[in-house]
Amino acid sequence: MAKYASGVDNDRRTAVRIQTQRSGKVLCGAFAWDCVIRDLSSSGARIQMLSNTAPPGKVQLVDLAAGLAHDVTVAWQRDRDVGLRVLRTYDLRGLAPAAAGMAKRIWLASQSDVSTG
């Protein structure tokens, strides 16, 4: 697993970032936007929004491949690329708290799409 090479010599990240190409969803209330998770660590993520939508300051990121939901805040945004700071993570593969209810429903629906498609 390689650390994400940002091209900056003084990388201030405290956790190793892993490059990915995972499908994700950004949730805010009743809204859900598709994204690609470009890199991920225990403390943050870089995503690429698939629409021109700019997520608000605090959202939930659903990692459809890993079955995880992350409460996140937007740290930065450049065009469709968005840097997120992870506040809390929920495992959707078991019992999930109410705060991750919508994320779990979306993840379960994505799993049935994979098995039938």
# chains A, B, ... in the order shown; residues from 1 in each chain; ligands from 1

call {"tool": "residues_around", "arguments": {"residues": "Leu27 of chain A", "least_positions_apart": "4", "cutoff": "9 Å", "atoms": "only C-alpha atoms", "output": "number ranges by chain"}}
result
A: 31-33, 55, 59-62, 102-103

call {"tool": "select_by_dssp", "arguments": {"residues": "chain A", "states": "helix (DSSP H, G or I)", "output": "MDAnalysis selection string"}}
result
chainID A and resid 98:116

call {"tool": "write_last_selection", "arguments": {"atoms": "C-alpha atoms", "output": "PDB file, in the first residue's frame"}}
result
ATOM      1  CA  ALA A  98     -29.373   5.636  14.010  1.00  0.00           C
ATOM      2  CA  ALA A  99     -26.834   8.267  12.874  1.00  0.00           C
ATOM      3  CA  ALA A 100     -25.792   5.854  10.112  1.00  0.00           C
ATOM      4  CA  GLY A 101     -29.280   4.609   9.195  1.00  0.00           C
ATOM      5  CA  MET A 102     -29.489   6.257   5.771  1.00  0.00           C
ATOM      6  CA  ALA A 103     -25.901   5.231   5.004  1.00  0.00           C
ATOM      7  CA  LYS A 104     -26.724   1.609   5.857  1.00  0.00           C
ATOM      8  CA  ARG A 105     -29.800   1.603   3.603  1.00  0.00           C
ATOM      9  CA  ILE A 106     -27.768   3.011   0.702  1.00  0.00           C
ATOM     10  CA  TRP A 107     -24.961   0.499   1.302  1.00  0.00           C
ATOM     11  CA  LEU A 108     -27.422  -2.435   1.459  1.00  0.00           C
ATOM     12  CA  ALA A 109     -29.049  -1.287  -1.788  1.00  0.00           C
ATOM     13  CA  SER A 110     -25.628  -1.126  -3.465  1.00  0.00           C
ATOM     14  CA  GLN A 111     -24.908  -4.700  -2.321  1.00  0.00           C
ATOM     15  CA  SER A 112     -28.131  -6.009  -3.846  1.00  0.00           C
ATOM     16  CA  ASP A 113     -27.262  -4.176  -7.095  1.00  0.00           C
ATOM     17  CA  VAL A 114     -23.912  -5.988  -7.188  1.00  0.00           C
ATOM     18  CA  SER A 115     -25.416  -9.408  -6.549  1.00  0.00           C
ATOM     19  CA  THR A 116     -28.189  -9.037  -9.134  1.00  0.00           C
TER      20      THR A 116
END

call {"tool": "residues_around", "arguments": {"residues": "segment 75-82 of chain A", "least_positions_apart": "2", "cutoff": "8 Å", "atoms": "only C-alpha atoms", "output": "list in words"}}
result
Arg46, Ile47, Gln48, Met49, Leu50, Ser51, Asn52, Thr53, Ala54, Thr73, Leu84 and Arg85 of chain A

call {"tool": "residues_around", "arguments": {"residues": "Ser43 of chain A", "least_positions_apart": "2", "cutoff": "8 Å", "atoms": "only C-alpha atoms", "output": "list in words"}}
result
Thr14, Ala15, Ser41, Ala45, Arg85, Val86 and Leu87 of chain A

call {"tool": "closest_residue", "arguments": {"among": "A:Ile18, A:Val36, A:Val26, A:Leu92", "to": "Ala66 of chain A", "atoms": "only C-alpha atoms"}}
result
A:Leu92

call {"tool": "atom_distance", "arguments": {"atom1": "atom CA of Arg17 of chain A", "atom2": "atom CA of Pro97 of chain A"}}
result
26.8 Å

call {"tool": "atom_distance", "arguments": {"atom1": "atom CA of Leu40 of chain A", "atom2": "atom CA of Lys25 of chain A"}}
result
14.1 Å

call {"tool": "residues_around", "arguments": {"residues": "Thr89 of chain A", "least_positions_apart": "3", "cutoff": "9 Å", "atoms": "only C-alpha atoms", "output": "ChimeraX atom specification"}}
result
/A:42,68-72,86

call {"tool": "write_last_selection", "arguments": {"atoms": "N, CA and C atoms", "output": "CSV table (one decimal), in the first residue's frame"}}
result
chain,number,residue,atom,x,y,z
A,42,SER,N,-7.3,6.9,8.0
A,42,SER,CA,-8.1,6.9,9.2
A,42,SER,C,-8.5,8.3,9.6
A,68,LEU,N,-18.4,1.1,5.0
A,68,LEU,CA,-18.2,2.0,6.1
A,68,LEU,C,-18.8,3.3,5.8
A,69,ALA,N,-19.3,4.0,6.8
A,69,ALA,CA,-19.8,5.4,6.7
A,69,ALA,C,-18.9,6.3,7.6
A,70,HIS,N,-18.6,7.4,7.1
A,70,HIS,CA,-17.7,8.4,7.9
A,70,HIS,C,-18.4,9.7,8.0
A,71,ASP,N,-18.6,10.2,9.3
A,71,ASP,CA,-18.9,11.6,9.5
A,71,ASP,C,-17.7,12.4,9.2
A,72,VAL,N,-17.9,13.4,8.3
A,72,VAL,CA,-16.7,14.1,7.8
A,72,VAL,C,-17.0,15.6,7.7
A,86,VAL,N,-12.0,13.1,8.6
A,86,VAL,CA,-12.9,12.1,9.2
A,86,VAL,C,-13.1,12.4,10.7

call {"tool": "atom_distance", "arguments": {"atom1": "atom CA of Val16 of chain A", "atom2": "atom CA of Leu95 of chain A"}}
result
28.1 Å

call {"tool": "select_by_dssp", "arguments": {"residues": "chain A", "states": "strand (DSSP E)", "output": "VMD selection string"}}
result
chain A and resid 18 to 28 31 to 40 44 to 49 58 to 63 68 to 78 81 to 91
